[in-house]
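What follows is coords.txt (compact mmCIF, C-alpha atoms).
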```
# COMPACT_ATOMS: atom_id res chain seq x y z
CA MET L 1 -5.20 -94.59 -109.94
CA PRO L 2 -6.11 -91.36 -111.84
CA SER L 3 -7.41 -93.18 -114.94
CA ALA L 4 -9.33 -95.91 -113.15
CA ILE L 5 -12.79 -96.83 -114.43
CA GLN L 6 -15.36 -95.15 -112.20
CA ARG L 7 -18.51 -96.79 -110.94
CA GLY L 8 -21.61 -95.58 -112.79
CA THR L 9 -19.83 -94.87 -116.08
CA PRO L 10 -20.51 -96.68 -119.38
CA ALA L 11 -16.99 -98.13 -119.24
CA TYR L 12 -17.74 -99.61 -115.81
CA LEU L 13 -20.89 -101.29 -117.11
CA ARG L 14 -19.00 -102.67 -120.11
CA ALA L 15 -16.17 -104.02 -117.95
CA ASN L 16 -18.63 -105.69 -115.58
CA LEU L 17 -20.57 -107.33 -118.40
CA ALA L 18 -17.37 -108.46 -120.11
CA LEU L 19 -15.90 -110.06 -116.99
CA PHE L 20 -19.25 -111.71 -116.20
CA LEU L 21 -19.11 -113.28 -119.67
CA ALA L 22 -15.49 -114.37 -119.07
CA GLY L 23 -16.44 -116.14 -115.84
CA PHE L 24 -19.50 -117.69 -117.48
CA ALA L 25 -17.56 -119.06 -120.45
CA THR L 26 -14.68 -120.45 -118.39
CA PHE L 27 -16.77 -122.49 -116.00
CA SER L 28 -19.50 -123.57 -118.42
CA LEU L 29 -16.85 -124.95 -120.80
CA LEU L 30 -14.91 -126.59 -118.00
CA TYR L 31 -17.76 -128.32 -116.17
CA CYS L 32 -20.31 -129.03 -118.94
CA VAL L 33 -18.97 -132.59 -119.24
CA GLN L 34 -19.63 -133.51 -115.61
CA PRO L 35 -23.26 -134.67 -116.12
CA LEU L 36 -22.21 -136.35 -119.39
CA LEU L 37 -19.80 -138.84 -117.79
CA PRO L 38 -22.38 -141.70 -117.77
CA ALA L 39 -23.12 -140.98 -121.46
CA PHE L 40 -19.40 -141.10 -122.30
CA ALA L 41 -19.06 -144.41 -120.47
CA LYS L 42 -21.95 -145.88 -122.46
CA THR L 43 -20.96 -144.45 -125.86
CA PHE L 44 -17.28 -145.38 -125.76
CA GLY L 45 -17.51 -148.50 -123.57
CA VAL L 46 -15.18 -147.10 -120.90
CA SER L 47 -15.35 -147.43 -117.13
CA PRO L 48 -16.64 -144.65 -114.86
CA ALA L 49 -13.05 -143.95 -113.80
CA GLU L 50 -11.98 -143.58 -117.44
CA SER L 51 -14.98 -141.39 -118.28
CA SER L 52 -13.98 -138.99 -115.49
CA LEU L 53 -10.84 -138.17 -117.48
CA ALA L 54 -12.99 -135.92 -119.68
CA LEU L 55 -13.10 -133.52 -116.72
CA SER L 56 -9.93 -134.48 -114.87
CA LEU L 57 -7.63 -133.85 -117.83
CA SER L 58 -9.13 -130.39 -118.29
CA THR L 59 -8.71 -129.39 -114.66
CA SER L 60 -5.19 -130.82 -114.37
CA LEU L 61 -4.01 -128.96 -117.48
CA LEU L 62 -5.80 -125.84 -116.25
CA ALA L 63 -3.81 -126.04 -113.01
CA PHE L 64 -0.57 -126.09 -114.99
CA ALA L 65 -1.76 -123.38 -117.38
CA ILE L 66 -2.55 -120.99 -114.52
CA LEU L 67 1.10 -121.10 -113.43
CA VAL L 68 2.29 -120.53 -117.01
CA ALA L 69 -0.19 -117.69 -117.51
CA ALA L 70 1.00 -116.07 -114.28
CA ILE L 71 4.51 -115.98 -115.77
CA ILE L 72 3.63 -114.66 -119.24
CA SER L 73 0.71 -112.37 -118.35
CA SER L 74 3.01 -109.43 -117.58
CA SER L 75 4.12 -109.33 -121.22
CA VAL L 76 0.77 -109.95 -123.02
CA LYS L 77 -2.17 -107.55 -123.30
CA ARG L 78 -4.98 -108.51 -120.93
CA ARG L 79 -7.86 -108.48 -123.43
CA LEU L 80 -5.83 -110.34 -126.05
CA LEU L 81 -4.86 -113.14 -123.66
CA MET L 82 -8.33 -113.62 -122.18
CA GLY L 83 -10.18 -113.28 -125.49
CA THR L 84 -7.88 -115.71 -127.28
CA SER L 85 -8.25 -118.22 -124.44
CA MET L 86 -12.05 -118.06 -124.61
CA ILE L 87 -12.19 -118.41 -128.40
CA LEU L 88 -9.81 -121.38 -128.50
CA ALA L 89 -11.64 -123.15 -125.66
CA SER L 90 -15.00 -122.67 -127.38
CA VAL L 91 -13.67 -124.05 -130.66
CA LEU L 92 -12.20 -127.05 -128.83
CA ASN L 93 -15.59 -127.73 -127.22
CA ILE L 94 -17.15 -127.78 -130.69
CA VAL L 95 -14.40 -130.16 -131.84
CA ALA L 96 -15.13 -132.41 -128.85
CA GLY L 97 -18.75 -132.68 -130.04
CA LEU L 98 -17.64 -133.85 -133.48
CA VAL L 99 -14.89 -136.34 -132.69
CA PRO L 100 -15.53 -140.03 -133.44
CA ASP L 101 -13.35 -141.68 -130.79
CA TRP L 102 -12.64 -141.48 -127.09
CA HIS L 103 -8.96 -140.56 -127.22
CA THR L 104 -9.53 -137.64 -129.57
CA LEU L 105 -12.24 -136.35 -127.24
CA LEU L 106 -9.81 -136.58 -124.33
CA ALA L 107 -7.19 -134.70 -126.32
CA SER L 108 -9.62 -131.88 -127.06
CA ARG L 109 -10.64 -131.71 -123.40
CA ALA L 110 -7.01 -131.59 -122.26
CA LEU L 111 -6.32 -128.73 -124.66
CA THR L 112 -9.46 -126.95 -123.42
CA GLY L 113 -8.05 -126.89 -119.89
CA LEU L 114 -4.68 -125.74 -121.17
CA VAL L 115 -6.01 -122.72 -123.09
CA LEU L 116 -8.53 -121.72 -120.40
CA GLY L 117 -5.72 -120.91 -117.97
CA GLY L 118 -5.39 -117.47 -119.51
CA VAL L 119 -8.76 -116.33 -118.12
CA PRO L 120 -8.68 -116.89 -114.32
CA ALA L 121 -4.99 -115.94 -114.20
CA VAL L 122 -5.69 -112.50 -115.70
CA ALA L 123 -9.32 -111.57 -114.94
CA MET L 124 -8.80 -110.63 -111.29
CA ALA L 125 -5.60 -108.76 -112.17
CA TYR L 126 -7.48 -106.73 -114.81
CA LEU L 127 -10.19 -105.76 -112.32
CA ALA L 128 -7.67 -104.76 -109.63
CA GLU L 129 -5.71 -102.65 -112.12
CA GLU L 130 -8.54 -100.94 -113.99
CA ILE L 131 -11.51 -100.50 -111.63
CA ASP L 132 -11.67 -97.71 -109.07
CA GLN L 133 -11.57 -99.04 -105.50
CA ARG L 134 -15.07 -97.74 -104.77
CA GLY L 135 -16.51 -99.98 -107.47
CA LEU L 136 -14.11 -102.92 -107.25
CA GLY L 137 -16.21 -104.99 -104.84
CA MET L 138 -19.24 -105.03 -107.11
CA ALA L 139 -17.11 -105.74 -110.19
CA MET L 140 -15.35 -108.65 -108.49
CA GLY L 141 -18.70 -109.96 -107.27
CA LEU L 142 -20.13 -109.96 -110.79
CA TYR L 143 -17.13 -111.87 -112.10
CA VAL L 144 -17.57 -114.48 -109.37
CA ALA L 145 -21.30 -114.59 -110.14
CA GLY L 146 -20.43 -115.26 -113.78
CA THR L 147 -18.34 -118.28 -112.80
CA GLY L 148 -21.17 -119.61 -110.66
CA VAL L 149 -23.83 -119.10 -113.32
CA GLY L 150 -21.54 -120.57 -115.97
CA GLY L 151 -20.83 -123.72 -114.00
CA LEU L 152 -24.52 -124.13 -113.24
CA VAL L 153 -25.85 -123.46 -116.75
CA GLY L 154 -23.13 -125.56 -118.37
CA ARG L 155 -24.01 -128.59 -116.28
CA VAL L 156 -27.80 -128.29 -116.48
CA ALA L 157 -27.89 -127.42 -120.19
CA ALA L 158 -25.55 -130.28 -121.08
CA ALA L 159 -27.71 -132.75 -119.16
CA GLY L 160 -30.95 -131.60 -120.79
CA LEU L 161 -29.58 -131.41 -124.33
CA SER L 162 -27.94 -134.82 -124.06
CA GLU L 163 -31.24 -136.47 -123.10
CA TYR L 164 -33.43 -134.83 -125.74
CA PHE L 165 -30.78 -135.03 -128.46
CA ASP L 166 -27.41 -136.54 -127.50
CA TRP L 167 -24.15 -135.48 -125.89
CA HIS L 168 -22.69 -134.47 -129.27
CA VAL L 169 -25.39 -131.81 -129.64
CA ALA L 170 -24.83 -130.67 -126.06
CA MET L 171 -21.12 -130.05 -126.69
CA LEU L 172 -21.76 -128.34 -130.03
CA VAL L 173 -24.41 -126.00 -128.63
CA LEU L 174 -22.38 -125.00 -125.58
CA GLY L 175 -19.27 -124.48 -127.71
CA THR L 176 -21.19 -122.25 -130.11
CA VAL L 177 -22.85 -120.24 -127.33
CA ASN L 178 -19.50 -119.63 -125.68
CA LEU L 179 -17.89 -118.66 -128.97
CA LEU L 180 -20.49 -115.90 -129.22
CA THR L 181 -19.82 -115.10 -125.56
CA ALA L 182 -16.10 -114.68 -126.36
CA VAL L 183 -16.93 -112.28 -129.20
CA GLY L 184 -19.13 -110.29 -126.83
CA PHE L 185 -16.36 -110.20 -124.24
CA ILE L 186 -13.83 -108.80 -126.73
CA ALA L 187 -16.30 -106.18 -127.97
CA LEU L 188 -17.27 -105.05 -124.45
CA LEU L 189 -14.05 -105.06 -122.43
CA PRO L 190 -12.44 -101.60 -122.24
CA THR L 191 -8.79 -101.42 -123.24
CA SER L 192 -6.37 -101.52 -120.29
CA ARG L 193 -5.40 -98.06 -119.08
CA ASN L 194 -3.12 -98.99 -116.19
CA PHE L 195 -1.21 -101.94 -117.62
CA THR L 196 1.80 -101.77 -119.90
CA PRO L 197 3.23 -105.07 -121.20
CA ARG L 198 6.80 -105.58 -120.06
CA PRO L 199 9.41 -108.30 -120.51
CA PRO L 200 8.59 -111.27 -118.26
CA GLN L 201 10.79 -112.07 -115.28
CA GLY L 202 12.92 -115.18 -115.46
CA LEU L 203 11.69 -118.51 -114.14
CA ARG L 204 14.06 -118.27 -111.18
CA HIS L 205 12.26 -115.13 -110.00
CA HIS L 206 8.88 -116.90 -109.95
CA LEU L 207 10.29 -120.03 -108.33
CA ARG L 208 11.72 -117.87 -105.55
CA LEU L 209 8.34 -116.27 -104.90
CA TRP L 210 6.48 -119.59 -104.94
CA GLY L 211 9.11 -121.16 -102.69
CA GLY L 212 8.74 -118.32 -100.21
CA HIS L 213 5.02 -119.01 -99.88
CA LEU L 214 5.64 -122.71 -99.34
CA ARG L 215 7.94 -121.86 -96.39
CA GLN L 216 5.44 -119.49 -94.79
CA PRO L 217 3.48 -120.82 -91.77
CA GLY L 218 -0.09 -121.70 -92.61
CA LEU L 219 -0.08 -121.33 -96.38
CA PRO L 220 0.98 -124.92 -97.23
CA ARG L 221 -1.87 -126.17 -95.03
CA LEU L 222 -4.35 -123.94 -96.88
CA PHE L 223 -3.02 -125.24 -100.19
CA LEU L 224 -3.55 -128.82 -98.98
CA MET L 225 -6.99 -127.77 -97.73
CA SER L 226 -7.95 -126.70 -101.26
CA PHE L 227 -6.82 -130.12 -102.54
CA THR L 228 -9.00 -132.02 -100.06
CA VAL L 229 -12.21 -129.99 -100.24
CA MET L 230 -12.19 -129.73 -104.04
CA GLY L 231 -11.21 -133.40 -104.35
CA CYS L 232 -14.22 -134.37 -102.23
CA PHE L 233 -16.63 -132.03 -104.03
CA VAL L 234 -15.74 -133.13 -107.56
CA THR L 235 -15.65 -136.82 -106.61
CA VAL L 236 -19.19 -136.64 -105.25
CA TYR L 237 -20.54 -134.79 -108.29
CA ASN L 238 -18.69 -137.04 -110.74
CA TYR L 239 -20.30 -140.24 -109.47
CA VAL L 240 -23.62 -139.22 -107.97
CA GLY L 241 -25.03 -139.38 -111.52
CA PHE L 242 -23.96 -143.02 -111.88
CA HIS L 243 -25.52 -143.74 -108.48
CA LEU L 244 -28.86 -142.13 -109.31
CA MET L 245 -29.17 -143.84 -112.70
CA GLU L 246 -29.13 -147.23 -110.96
CA ALA L 247 -31.97 -148.94 -109.08
CA PRO L 248 -33.89 -148.01 -107.04
CA TYR L 249 -33.71 -144.42 -108.33
CA LEU L 250 -33.49 -144.86 -112.13
CA LEU L 251 -33.39 -141.11 -112.75
CA SER L 252 -33.14 -139.72 -116.27
CA GLN L 253 -30.26 -137.61 -117.55
CA THR L 254 -32.35 -134.43 -117.25
CA GLN L 255 -33.42 -135.26 -113.70
CA ILE L 256 -29.81 -135.83 -112.73
CA GLY L 257 -28.85 -132.55 -114.38
CA ILE L 258 -31.35 -130.70 -112.21
CA ILE L 259 -29.39 -131.90 -109.17
CA PHE L 260 -26.61 -129.56 -110.22
CA MET L 261 -29.01 -126.72 -109.35
CA THR L 262 -27.87 -127.37 -105.79
CA ASN L 263 -24.92 -125.12 -106.65
CA VAL L 264 -27.33 -122.22 -106.05
CA PHE L 265 -27.24 -123.07 -102.34
CA GLY L 266 -23.47 -122.97 -102.51
CA ILE L 267 -23.36 -119.55 -104.16
CA VAL L 268 -25.62 -118.17 -101.41
CA SER L 269 -23.68 -119.85 -98.59
CA SER L 270 -20.33 -118.57 -99.85
CA SER L 271 -21.56 -114.97 -99.74
CA ILE L 272 -22.79 -115.46 -96.18
CA ALA L 273 -19.49 -117.08 -95.18
CA GLY L 274 -17.57 -113.83 -95.70
CA GLY L 275 -19.64 -111.92 -93.14
CA LEU L 276 -19.53 -114.79 -90.66
CA ALA L 277 -15.74 -115.03 -90.98
CA ASP L 278 -15.39 -111.29 -90.31
CA ARG L 279 -17.51 -111.57 -87.14
CA HIS L 280 -16.48 -114.94 -85.74
CA GLY L 281 -13.07 -115.65 -87.29
CA ARG L 282 -12.02 -117.74 -90.25
CA GLY L 283 -11.09 -120.84 -88.26
CA PRO L 284 -14.55 -121.53 -86.76
CA VAL L 285 -16.37 -120.84 -90.04
CA LEU L 286 -13.95 -123.06 -91.94
CA ILE L 287 -14.56 -125.88 -89.46
CA VAL L 288 -18.34 -125.42 -89.84
CA GLY L 289 -18.02 -125.70 -93.60
CA ILE L 290 -16.05 -128.93 -93.37
CA ALA L 291 -18.49 -130.32 -90.79
CA CYS L 292 -21.34 -129.61 -93.23
CA MET L 293 -19.52 -131.56 -95.93
CA LEU L 294 -19.10 -134.53 -93.58
CA LEU L 295 -22.78 -134.34 -92.60
CA GLY L 296 -23.76 -134.18 -96.27
CA LEU L 297 -21.73 -137.31 -97.03
CA ALA L 298 -23.43 -139.15 -94.16
CA LEU L 299 -26.89 -138.15 -95.40
CA SER L 300 -26.03 -139.21 -98.96
CA LEU L 301 -25.65 -142.81 -97.73
CA HIS L 302 -29.37 -142.95 -96.84
CA ALA L 303 -31.49 -145.01 -99.22
CA HIS L 304 -34.36 -142.50 -99.43
CA LEU L 305 -33.92 -140.18 -102.43
CA ALA L 306 -35.02 -137.02 -100.59
CA VAL L 307 -32.49 -137.59 -97.80
CA LEU L 308 -29.75 -138.36 -100.32
CA LEU L 309 -30.48 -135.14 -102.21
CA LEU L 310 -30.52 -133.19 -98.94
CA GLY L 311 -27.07 -134.61 -98.30
CA VAL L 312 -25.84 -133.26 -101.66
CA VAL L 313 -27.29 -129.82 -100.81
CA VAL L 314 -25.63 -129.75 -97.38
CA LEU L 315 -22.29 -130.93 -98.81
CA THR L 316 -22.47 -128.27 -101.55
CA ALA L 317 -23.17 -125.47 -99.08
CA GLY L 318 -20.33 -126.69 -96.88
CA PHE L 319 -17.90 -126.81 -99.77
CA PHE L 320 -18.61 -123.24 -100.83
CA ILE L 321 -18.23 -122.03 -97.23
CA ALA L 322 -14.90 -123.80 -96.81
CA HIS L 323 -13.57 -122.71 -100.20
CA ALA L 324 -14.63 -119.08 -99.74
CA VAL L 325 -12.93 -118.80 -96.35
CA ALA L 326 -9.78 -120.73 -97.30
CA SER L 327 -9.18 -118.80 -100.55
CA ALA L 328 -9.57 -115.44 -98.79
CA TRP L 329 -7.31 -116.62 -95.94
CA VAL L 330 -4.51 -117.22 -98.46
CA GLY L 331 -4.56 -113.53 -99.40
CA ARG L 332 -4.56 -112.56 -95.72
CA LEU L 333 -1.54 -114.69 -94.78
CA ALA L 334 0.57 -114.17 -97.93
CA GLN L 335 3.41 -111.73 -97.37
CA GLY L 336 3.75 -110.02 -100.75
CA ALA L 337 3.36 -111.59 -104.21
CA LYS L 338 -0.26 -112.43 -103.42
CA GLY L 339 -0.88 -113.41 -107.03
CA HIS L 340 1.72 -116.16 -106.73
CA ALA L 341 0.11 -117.37 -103.51
CA SER L 342 -3.29 -117.50 -105.22
CA SER L 343 -1.80 -119.41 -108.15
CA LEU L 344 -0.48 -122.08 -105.76
CA TYR L 345 -3.90 -122.33 -104.12
CA LEU L 346 -5.55 -122.76 -107.53
CA LEU L 347 -2.87 -125.26 -108.55
CA THR L 348 -3.63 -127.60 -105.64
CA TYR L 349 -7.36 -126.88 -106.04
CA TYR L 350 -7.43 -128.21 -109.59
CA ILE L 351 -4.97 -131.01 -108.90
CA GLY L 352 -7.35 -132.18 -106.18
CA SER L 353 -10.20 -132.01 -108.68
CA SER L 354 -8.37 -133.97 -111.37
CA THR L 355 -6.70 -136.65 -109.25
CA MET L 356 -9.46 -137.40 -106.74
CA GLY L 357 -12.12 -137.08 -109.42
CA SER L 358 -10.50 -139.97 -111.29
CA VAL L 359 -9.39 -142.00 -108.26
CA GLY L 360 -13.01 -141.89 -107.12
CA GLY L 361 -13.87 -144.00 -110.16
CA TRP L 362 -11.95 -146.94 -108.74
CA PHE L 363 -13.81 -146.61 -105.44
CA TRP L 364 -17.07 -146.53 -107.41
CA GLU L 365 -16.20 -149.67 -109.35
CA TYR L 366 -15.23 -151.67 -106.28
CA GLY L 367 -17.40 -150.11 -103.57
CA HIS L 368 -20.12 -148.21 -105.44
CA TRP L 369 -21.56 -145.22 -103.56
CA PRO L 370 -20.35 -146.28 -100.08
CA GLY L 371 -16.85 -146.53 -101.55
CA VAL L 372 -17.07 -143.02 -103.02
CA ALA L 373 -18.39 -141.70 -99.70
CA ALA L 374 -15.54 -143.42 -97.83
CA LEU L 375 -12.89 -141.77 -100.03
CA SER L 376 -14.60 -138.38 -99.76
CA GLY L 377 -15.01 -138.74 -96.01
CA THR L 378 -11.32 -139.52 -95.59
CA LEU L 379 -10.43 -136.36 -97.48
CA MET L 380 -12.71 -134.32 -95.26
CA LEU L 381 -11.24 -135.76 -92.06
CA VAL L 382 -7.83 -134.59 -93.29
CA ALA L 383 -9.35 -131.18 -94.04
CA LEU L 384 -10.87 -131.03 -90.56
CA GLY L 385 -7.48 -131.69 -88.98
CA LEU L 386 -5.93 -128.95 -91.11
CA ALA L 387 -8.66 -126.48 -90.17
CA ILE L 388 -8.19 -127.14 -86.47
CA SER L 389 -4.43 -126.68 -86.80
CA LEU L 390 -4.95 -123.31 -88.56
CA ARG L 391 -7.01 -121.72 -85.78
CA PRO L 392 -3.96 -120.21 -83.98
CA LEU L 393 -3.25 -118.21 -87.17
CA ASP L 394 -6.74 -116.71 -87.25
CA SER L 395 -5.68 -113.30 -85.96
CA LYS L 396 -2.75 -112.82 -88.36
CA GLY L 397 -2.79 -110.51 -91.35
CA PRO L 398 -4.87 -107.47 -92.33
CA PRO L 399 -8.67 -107.75 -92.39
CA THR L 400 -9.90 -109.39 -95.55
CA SER L 401 -13.43 -110.42 -96.47
CA ALA L 402 -13.96 -113.76 -98.10
CA ALA L 403 -14.08 -113.49 -101.87
CA PRO L 404 -15.21 -116.88 -103.15
CA ARG L 405 -14.23 -118.34 -106.47
CA THR L 406 -16.95 -120.64 -107.67
CA PRO L 407 -15.88 -124.06 -108.95
```

Would you mind writing the structure in this file as structure tokens?
Amino acid sequence: MPSAIQRGTPAYLRANLALFLAGFATFSLLYCVQPLLPAFAKTFGVSPAESSLALSLSTSLLAFAILVAAIISSSVKRRLLMGTSMILASVLNIVAGLVPDWHTLLASRALTGLVLGGVPAVAMAYLAEEIDQRGLGMAMGLYVAGTGVGGLVGRVAAAGLSEYFDWHVAMLVLGTVNLLTAVGFIALLPTSRNFTPRPPQGLRHHLRLWGGHLRQPGLPRLFLMSFTVMGCFVTVYNYVGFHLMEAPYLLSQTQIGIIFMTNVFGIVSSSIAGGLADRHGRGPVLIVGIACMLLGLALSLHAHLAVLLLGVVVLTAGFFIAHAVASAWVGRLAQGAKGHASSLYLLTYYIGSSTMGSVGGWFWEYGHWPGVAALSGTLMLVALGLAISLRPLDSKGPPTSAAPRTP
């Protein structure tokens, strides 16, 4: 790669800052509504299950958009696709803060997920193409850090703004901030040097590659794993706010928003998971992550607030461990067309988020928190069985360190 961006150069700094902003914008726009679900339910008179559609529609359309972006990205300039996606998503978030009715808000959220697909589908490809191998690890790490910080700030800021003003202001502020972030991204990102747009391959070509991954031993189980662990994680975070606003806790919107700071523990645990997987194998570390999620669910059933919150922390750390190991394992097992394998993993990941996040609302309505925990626990028992069945494949493929993608 003779024209690759070298570590220590101004172009390297600009690329890192730009991709950090891309990760920040994507995940802050996607997950800012999660702490607002109780406010949506109250404002529009909808059930908790219906309020969860504000997030579930975004993630389900994002899953579809990632596949579409994977097909068209070879024929569209990287900066143009990512920048346009960020601008449109930011504008749609502003629109969501201005709409007068529930169905229009849902439409804007669905479109947000659809246009955001252009960022995760292209960001990693840009880094792999443009950054010199000696600086790629740091660049990829900063992009992942941006997604983590974005998801965290989006949730906490939305919760605080909605309490001191209202949820309309929260959506408007975050949309405006991310619109400025998109402008900064476009100004900072160096033009691609090692990518030339070319006519896209036909759909049959991509279907053949995806089909090949589905027939490969181990990969379908990892795809199902992503469905179960993300389904559990989002279900817990969607309804823990409803749980904590009820007696005996009666927490405020801001106090509930602070709970999303537990994602910090997840970001730390995911970075540790990579080293542990290299030393002890992916299978054992994956099982430990799932066991932590089960333990966290059990602790969350305790009536004492401190124990419940400890359960959320343990579950969060376990999720990030499991997700980090499973996502890296996909790249290790995939035989060629690794981008298509990753797109299938992300597809099931966001389908799990959207479907289980909404189904959990029915369990909340009829079983309250024990019902939500029962659904989440069932998903994790399935994940545990999958992890145990994957252990014989632990030695296959070239060495790969876990590279987590933050939810």

Practice problem: Just give me the residues with any atom within 10 Å of (-15.2, -119.1, -124.1), file coordinates, counting all atoms listed in the file, written as an MDAnalysis selection string. | Solution: chainID L and resid 21:30 82:93 112 115:116 119 174:183 185

What are the closest atom pairs, with distances in Å to one decimal, for each residue of region 286-306 of chain L lying within 9 Å of region 378-388 of chain L, using all atoms listed in the file, rows by chain and rising residue number, as a Markdown table?
```
| residue | atom | partner | partner_atom | distance |
| --- | --- | --- | --- | --- |
| L:Leu286 | CA | L:Ala387 | CA | 6.5 |
| L:Ile287 | CA | L:Ala387 | CA | 6.0 |
| L:Ile290 | CA | L:Leu384 | CA | 6.3 |
| L:Ala291 | CA | L:Leu384 | CA | 7.7 |
| L:Met293 | CA | L:Met380 | CA | 7.4 |
| L:Leu294 | CA | L:Met380 | CA | 6.6 |
```

Judged by only C-alpha atoms, the minimum distance to Trp369 (chain L) among L:Arg155, L:Lys77, L:His243, L:Arg391 is found for L:His243

Rounded to one decimal in Å, what is the spacing between CA of Gly357 (chain L) and CA of Leu333 (chain L)?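 Pair CA of Gly357 (chain L) / CA of Leu333 (chain L) returns 28.8 Å.
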
Review point. For the atom pair CA of Arg7 (chain L) and CA of Gly135 (chain L), what is the interatomic distance in Å to one decimal place?
Key: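 Between CA of Arg7 (chain L) and CA of Gly135 (chain L) the gap works out to 5.1 Å.
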
Per-residue nearest contacts region 314-335 of chain L to region 272-277 of chain L, cut-off 7 Å, using all atoms listed in the file, as JSON lines:
```
{"residue": "L:Ile321", "atom": "CA", "partner": "L:Ala273", "partner_atom": "CA", "distance": 5.5}
{"residue": "L:Ala324", "atom": "CA", "partner": "L:Ala273", "partner_atom": "CA", "distance": 7.0}
{"residue": "L:Val325", "atom": "CA", "partner": "L:Gly274", "partner_atom": "CA", "distance": 6.8}
```

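What separates CA of Glu163 (chain L) from CA of Leu55 (chain L) is a distance of 19.5 Å.
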
Please tell me which residues are no farther than 10 Å from (-27.4, -133.5, -125.8) in the file, counting all atoms listed in the file, and write them as a PDB file with C-alpha atoms, in the coordinates of the input.
```
ATOM      1  CA  LEU L  36     -22.210-136.350-119.390  1.00  0.00           C
ATOM      2  CA  ALA L  39     -23.120-140.980-121.460  1.00  0.00           C
ATOM      3  CA  GLY L  97     -18.750-132.680-130.040  1.00  0.00           C
ATOM      4  CA  ALA L 157     -27.890-127.420-120.190  1.00  0.00           C
ATOM      5  CA  ALA L 158     -25.550-130.280-121.080  1.00  0.00           C
ATOM      6  CA  ALA L 159     -27.710-132.750-119.160  1.00  0.00           C
ATOM      7  CA  GLY L 160     -30.950-131.600-120.790  1.00  0.00           C
ATOM      8  CA  LEU L 161     -29.580-131.410-124.330  1.00  0.00           C
ATOM      9  CA  SER L 162     -27.940-134.820-124.060  1.00  0.00           C
ATOM     10  CA  GLU L 163     -31.240-136.470-123.100  1.00  0.00           C
ATOM     11  CA  TYR L 164     -33.430-134.830-125.740  1.00  0.00           C
ATOM     12  CA  PHE L 165     -30.780-135.030-128.460  1.00  0.00           C
ATOM     13  CA  ASP L 166     -27.410-136.540-127.500  1.00  0.00           C
ATOM     14  CA  TRP L 167     -24.150-135.480-125.890  1.00  0.00           C
ATOM     15  CA  HIS L 168     -22.690-134.470-129.270  1.00  0.00           C
ATOM     16  CA  VAL L 169     -25.390-131.810-129.640  1.00  0.00           C
ATOM     17  CA  ALA L 170     -24.830-130.670-126.060  1.00  0.00           C
ATOM     18  CA  MET L 171     -21.120-130.050-126.690  1.00  0.00           C
ATOM     19  CA  LEU L 172     -21.760-128.340-130.030  1.00  0.00           C
ATOM     20  CA  VAL L 173     -24.410-126.000-128.630  1.00  0.00           C
ATOM     21  CA  LEU L 174     -22.380-125.000-125.580  1.00  0.00           C
ATOM     22  CA  GLN L 253     -30.260-137.610-117.550  1.00  0.00           C
ATOM     23  CA  THR L 254     -32.350-134.430-117.250  1.00  0.00           C
TER      24      THR L 254
END
```

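Compared by their closest atoms to Phe233 (chain L), and using all atoms listed in the file, the residues L:Ser108, L:Ser343, L:Gln216, L:Ser353 rank with L:Ser353 nearest.
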
Quick one: contact table of region 233-282 of chain L to region 299-304 of chain L, 10 Å max, nearest atom pair and distance in Å to one decimal per residue, counting only C-alpha atoms, chain and number order, as a Markdown table?
```
| residue | atom | partner | partner_atom | distance |
| --- | --- | --- | --- | --- |
| L:Val236 | CA | L:Ser300 | CA | 9.6 |
| L:Val240 | CA | L:Ser300 | CA | 9.3 |
| L:Pro248 | CA | L:Ala303 | CA | 8.7 |
| L:Tyr249 | CA | L:His304 | CA | 9.1 |
```

Query raised in the report: Pick the closest to Leu203 (chain L) from L:Ala374, L:Ile71, L:Val313, L:Ala18: which is it, counting only C-alpha atoms?
Result: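 Nearest candidate to Leu203 (chain L) out of L:Ala374, L:Ile71, L:Val313, L:Ala18: L:Ile71.
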
One residue among L:Pro392, L:Gly150, L:Pro370, L:Ala187 is nearest to Pro217 (chain L) when using all atoms listed in the file, and that residue is L:Pro392
